[in-house]
Amino acid sequence: MISGTWFEWGLIAGMAVVAFFTRAVFVLPGSRLRLPATAQRVLRYAPAAAIMAIIVPDLAMVQGAVSISLDNPRLVAGLVAFALAAGTRGILPTILGGMLALTAMRLLAG
């Protein structure tokens with residue numbers, strides 16, 4: 001039987017090595033590794049896709065159930081923030097407008 005402590009440390013070290021090399025594969029070769037133009041164009045959208053994958057489920061869920069309606073204050077505030085972000089291209093109006101919409105919706109809901 002493997003000692004618990006050594007096994008756990010081995011797992012941690014193994015995960016660290018895998019995490020390092022999956023991230024370093026683009027850095028270690030230096031300038032010799034060039035991605036095709038199509039891959040570079042697609043990777044530009046990766047941060048926005050990751051943010052959307054994190055935020056959208058939180059906006060659409062109320063008490064563990066999907067709620068796509070105007071009764072969902074987080075969804076309404078998210079839509080207001082999205083509209084402000086698209087219209088103003090500024091972070092401060094987006095945050096303030098979204099938070100004001102969320103506060104107003106929660107106060108109106110009781």
# chains A, B, ... in the order shown; residues from 1 in each chain; ligands from 1

$ select_by_dssp --residues "chain A" --states "strand (DSSP E)" --output "PyMOL selection string"
chain A and resi 61-62+65-66

$ atom_distance --atom1 "atom CA of Gly87 of chain A" --atom2 "atom CA of Asp58 of chain A"
23.0 Å

$ atom_distance --atom1 "atom CA of Met105 of chain A" --atom2 "atom CA of Ala48 of chain A"
26.4 Å

$ residues_around --residues "Gly98 of chain A" --least-positions-apart "2" --cutoff "7 Å" --atoms "only C-alpha atoms" --output "PyMOL selection string"
chain A and resi 77-78+80-81+94-96+100-102

$ write_last_selection --atoms "N, CA, C and O atoms" --output "short mmCIF file (atom, residue, chain, number, x, y, z; two decimals), in the first residue's frame"
data_model
loop_
_atom_site.label_atom_id
_atom_site.label_comp_id
_atom_site.auth_asym_id
_atom_site.auth_seq_id
_atom_site.Cartn_x
_atom_site.Cartn_y
_atom_site.Cartn_z
N ALA A 77 -30.34 43.22 -14.98
CA ALA A 77 -29.14 44.03 -14.74
C ALA A 77 -28.03 43.65 -15.71
O ALA A 77 -27.30 44.52 -16.20
N GLY A 78 -27.89 42.37 -16.01
CA GLY A 78 -26.89 41.93 -16.98
C GLY A 78 -27.17 42.47 -18.37
O GLY A 78 -26.26 42.87 -19.09
N VAL A 80 -28.87 45.23 -19.04
CA VAL A 80 -28.59 46.68 -18.98
C VAL A 80 -27.09 46.92 -19.08
O VAL A 80 -26.64 47.80 -19.83
N ALA A 81 -26.31 46.15 -18.34
CA ALA A 81 -24.85 46.30 -18.38
C ALA A 81 -24.31 45.99 -19.78
O ALA A 81 -23.43 46.70 -20.27
N THR A 94 -20.65 50.87 -17.46
CA THR A 94 -21.15 49.49 -17.48
C THR A 94 -21.37 48.98 -16.06
O THR A 94 -22.44 48.45 -15.73
N ILE A 95 -20.38 49.16 -15.21
CA ILE A 95 -20.48 48.67 -13.83
C ILE A 95 -21.55 49.45 -13.07
O ILE A 95 -22.41 48.86 -12.41
N LEU A 96 -21.50 50.78 -13.16
CA LEU A 96 -22.47 51.59 -12.43
C LEU A 96 -23.90 51.33 -12.91
O LEU A 96 -24.81 51.19 -12.09
N LEU A 100 -26.77 49.74 -10.60
CA LEU A 100 -27.99 50.52 -10.35
C LEU A 100 -29.23 49.76 -10.80
O LEU A 100 -30.26 49.76 -10.11
N ALA A 101 -29.16 49.10 -11.94
CA ALA A 101 -30.30 48.32 -12.42
C ALA A 101 -30.59 47.15 -11.47
O ALA A 101 -31.75 46.88 -11.16
N LEU A 102 -29.56 46.49 -10.99
CA LEU A 102 -29.76 45.38 -10.06
C LEU A 102 -30.38 45.85 -8.75
O LEU A 102 -31.33 45.26 -8.24
#

$ atom_distance --atom1 "atom CA of Arg74 of chain A" --atom2 "atom CA of Val56 of chain A"
10.0 Å

$ residues_around --residues "Asn72 of chain A" --least-positions-apart "6" --cutoff "9 Å" --atoms "only C-alpha atoms" --output "list in words"
Leu59, Ala60, Met61, Val62 and Met105 of chain A

$ select_by_dssp --residues "chain A" --states "alpha helix (DSSP H)" --output "ChimeraX atom specification"
/A:4-24,37-43,46-60,73-88,91-109
